Structures are given as structure tokens and as C-alpha cells.
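Undergrad: Provided below: target_34.pdb, containing PDB, C-alpha atoms and all ligand atoms.
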```pdb
ATOM      1  CA  MET A   1      28.717 -29.628  44.271  1.00  0.00           C
ATOM      2  CA  ARG A   2      25.453 -28.147  45.514  1.00  0.00           C
ATOM      3  CA  CYS A   3      25.163 -24.714  47.091  1.00  0.00           C
ATOM      4  CA  GLU A   4      23.832 -24.951  50.644  1.00  0.00           C
ATOM      5  CA  LYS A   5      22.168 -21.557  50.333  1.00  0.00           C
ATOM      6  CA  CYS A   6      20.287 -21.672  47.041  1.00  0.00           C
ATOM      7  CA  LYS A   7      20.651 -25.390  46.187  1.00  0.00           C
ATOM      8  CA  THR A   8      22.157 -24.556  42.796  1.00  0.00           C
ATOM      9  CA  GLU A   9      24.312 -27.313  41.351  1.00  0.00           C
ATOM     10  CA  ASN A  10      27.820 -26.018  40.632  1.00  0.00           C
ATOM     11  CA  ASN A  11      30.908 -27.556  39.090  1.00  0.00           C
ATOM     12  CA  ASP A  12      33.106 -29.552  41.457  1.00  0.00           C
ATOM     13  CA  GLY A  13      36.000 -27.151  40.832  1.00  0.00           C
ATOM     14  CA  SER A  14      33.919 -24.074  41.672  1.00  0.00           C
ATOM     15  CA  ILE A  15      34.932 -22.107  44.739  1.00  0.00           C
ATOM     16  CA  TYR A  16      31.859 -19.883  44.806  1.00  0.00           C
ATOM     17  CA  CYS A  17      28.262 -20.564  43.829  1.00  0.00           C
ATOM     18  CA  ARG A  18      27.632 -19.362  40.273  1.00  0.00           C
ATOM     19  CA  LYS A  19      24.163 -18.114  41.208  1.00  0.00           C
ATOM     20  CA  CYS A  20      24.431 -16.463  44.632  1.00  0.00           C
ATOM     21  CA  GLY A  21      28.210 -16.259  45.105  1.00  0.00           C
ATOM     22  CA  THR A  22      28.244 -18.149  48.391  1.00  0.00           C
ATOM     23  CA  PRO A  23      31.597 -19.856  49.062  1.00  0.00           C
ATOM     24  CA  LEU A  24      31.110 -23.574  48.523  1.00  0.00           C
ATOM     25  CA  LYS A  25      32.191 -25.960  51.242  1.00  0.00           C
ATOM     26  CA  ARG A  26      34.103 -28.821  49.694  1.00  0.00           C
ATOM     27  CA  LYS A  27      35.030 -31.828  51.807  1.00  0.00           C
ATOM     28  CA  ASN A  28      37.178 -33.210  49.013  1.00  0.00           C
ATOM     29  CA  LEU A  29      39.194 -29.992  48.783  1.00  0.00           C
ATOM     30  CA  ASN A  30      41.180 -30.623  51.961  1.00  0.00           C
ATOM     31  CA  HIS A  31      41.737 -34.225  51.003  1.00  0.00           C
ATOM     32  CA  ALA A  32      42.895 -33.212  47.526  1.00  0.00           C
ATOM     33  CA  ASN A  33      45.308 -30.709  49.038  1.00  0.00           C
ATOM     34  CA  ILE A  34      46.848 -33.322  51.308  1.00  0.00           C
ATOM     35  CA  ILE A  35      47.655 -35.773  48.529  1.00  0.00           C
ATOM     36  CA  PRO A  36      49.898 -33.438  46.471  1.00  0.00           C
ATOM     37  CA  LYS A  37      51.771 -32.459  49.634  1.00  0.00           C
ATOM     38  CA  GLU A  38      52.414 -36.131  50.384  1.00  0.00           C
ATOM     39  CA  ASN A  39      53.589 -36.629  46.818  1.00  0.00           C
ATOM     40  CA  ASN A  40      55.931 -33.668  47.124  1.00  0.00           C
ATOM     41  CA  LYS A  41      57.384 -35.129  50.307  1.00  0.00           C
ATOM     42  CA  GLN A  42      57.952 -38.432  48.541  1.00  0.00           C
ATOM     43  CA  ASP A  43      59.581 -36.651  45.603  1.00  0.00           C
ATOM     44  CA  ASN A  44      61.825 -34.684  47.962  1.00  0.00           C
ATOM     45  CA  THR A  45      62.799 -37.903  49.726  1.00  0.00           C
ATOM     46  CA  ILE A  46      63.709 -39.533  46.413  1.00  0.00           C
ATOM     47  CA  TYR A  47      65.808 -36.540  45.341  1.00  0.00           C
ATOM     48  CA  TYR A  48      67.455 -36.536  48.769  1.00  0.00           C
ATOM     49  CA  LEU A  49      68.347 -40.220  48.469  1.00  0.00           C
ATOM     50  CA  ILE A  50      69.627 -39.744  44.905  1.00  0.00           C
ATOM     51  CA  THR A  51      71.811 -36.845  46.065  1.00  0.00           C
ATOM     52  CA  ILE A  52      73.273 -38.979  48.881  1.00  0.00           C
ATOM     53  CA  ILE A  53      73.967 -41.870  46.474  1.00  0.00           C
ATOM     54  CA  ILE A  54      75.687 -39.536  43.983  1.00  0.00           C
ATOM     55  CA  ILE A  55      77.848 -38.064  46.757  1.00  0.00           C
ATOM     56  CA  GLN A  56      78.797 -41.561  47.981  1.00  0.00           C
ATOM     57  CA  ILE A  57      79.698 -42.645  44.429  1.00  0.00           C
ATOM     58  CA  ALA A  58      81.811 -39.498  44.024  1.00  0.00           C
ATOM     59  CA  ILE A  59      83.612 -40.246  47.311  1.00  0.00           C
ATOM     60  CA  ILE A  60      84.271 -43.867  46.211  1.00  0.00           C
ATOM     61  CA  ILE A  61      85.628 -42.677  42.845  1.00  0.00           C
ATOM     62  CA  LEU A  62      87.908 -40.165  44.582  1.00  0.00           C
ATOM     63  CA  LEU A  63      89.159 -42.879  46.962  1.00  0.00           C
ATOM     64  CA  LEU A  64      89.822 -45.250  44.045  1.00  0.00           C
ATOM     65  CA  LEU A  65      91.690 -42.578  42.069  1.00  0.00           C
ATOM     66  CA  HIS A  66      93.961 -41.843  44.994  1.00  0.00           C
TER      67      HIS A  66
HETATM   68 ZN    ZN Z   1      24.102 -20.488  45.779  1.00  0.00          ZN
END
```
Starting from the coordinates I provided, produce the structure as C-alpha cells.

TA:
Amino acid sequence: MRCEKCKTENNDGSIYCRKCGTPLKRKNLNHANIIPKENNKQDNTIYYLITIIIIQIAIIILLLLH
């Protein structure tokens, strides 16, 4: 990650330039933020489906017991 102001090479994880303190523009940052959100949505969907399956199994068990 190179600073646009002073051309200093910074670490990819750096938010500000280590030399001049200019906020570094990172194209990959937005992309990296999108991926975890998508993963969280997928995880939530899985938990949602598991919850529905458990409830359906519980209903079937209750119907069988009665
Ligand atoms: Zn700089």
C-alpha cells in the first residue's frame, strides 16, 4: 500500500501513512468488508434453517406422543 502523498510504502493493514499520516485509500478494504457480511448472512441463514428443522422435529415428536 503506497501513500499517494509522499509515496511511502506502508503495510496493507495500515489505515494511515506511517510517514505523513495521510489516510490511505484501500480498494481492497471495501471488498474485504463485503465478504464477512456475506458470510454472516450465510451463517444466519444456516442457523435459521436449523432452528426451523428443530421446531418441526419437536412438533412431530409431540404429535407422535399424543
Ligand atoms: Zn504519506

Undergrad: May I have the residues within 8 Å of ligand ZN 1 (chain Z), computed using only C-alpha atoms and all ligand atoms, as a CSV table (one decimal) with C-alpha atoms, in the frame of the given file?

TA:
```csv
chain,number,residue,atom,x,y,z
A,2,ARG,CA,25.5,-28.1,45.5
A,3,CYS,CA,25.2,-24.7,47.1
A,4,GLU,CA,23.8,-25.0,50.6
A,5,LYS,CA,22.2,-21.6,50.3
A,6,CYS,CA,20.3,-21.7,47.0
A,7,LYS,CA,20.7,-25.4,46.2
A,8,THR,CA,22.2,-24.6,42.8
A,16,TYR,CA,31.9,-19.9,44.8
A,17,CYS,CA,28.3,-20.6,43.8
A,18,ARG,CA,27.6,-19.4,40.3
A,19,LYS,CA,24.2,-18.1,41.2
A,20,CYS,CA,24.4,-16.5,44.6
A,21,GLY,CA,28.2,-16.3,45.1
A,22,THR,CA,28.2,-18.1,48.4
```

Undergrad: Quick one: distance from CA of Lys41 (chain A) to CA of Ile54 (chain A) in Å, one decimal?

TA: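 Interatomic distance here is 19.9 Å.
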
Undergrad: Set the distance at 10 Å and use all atoms listed in the file: which residues neighbour Ile15 (chain A) once local chain neighbours fewer than 3 positions away are removed? I'd like the list as a ChimeraX atom specification.

TA: /A:1,10-12,18,21-26,29

Undergrad: Quick one: pull the distance between CA of Leu64 (chain A) and CA of Thr45 (chain A), Å, one decimal.

TA: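 So the answer is 28.6 Å.
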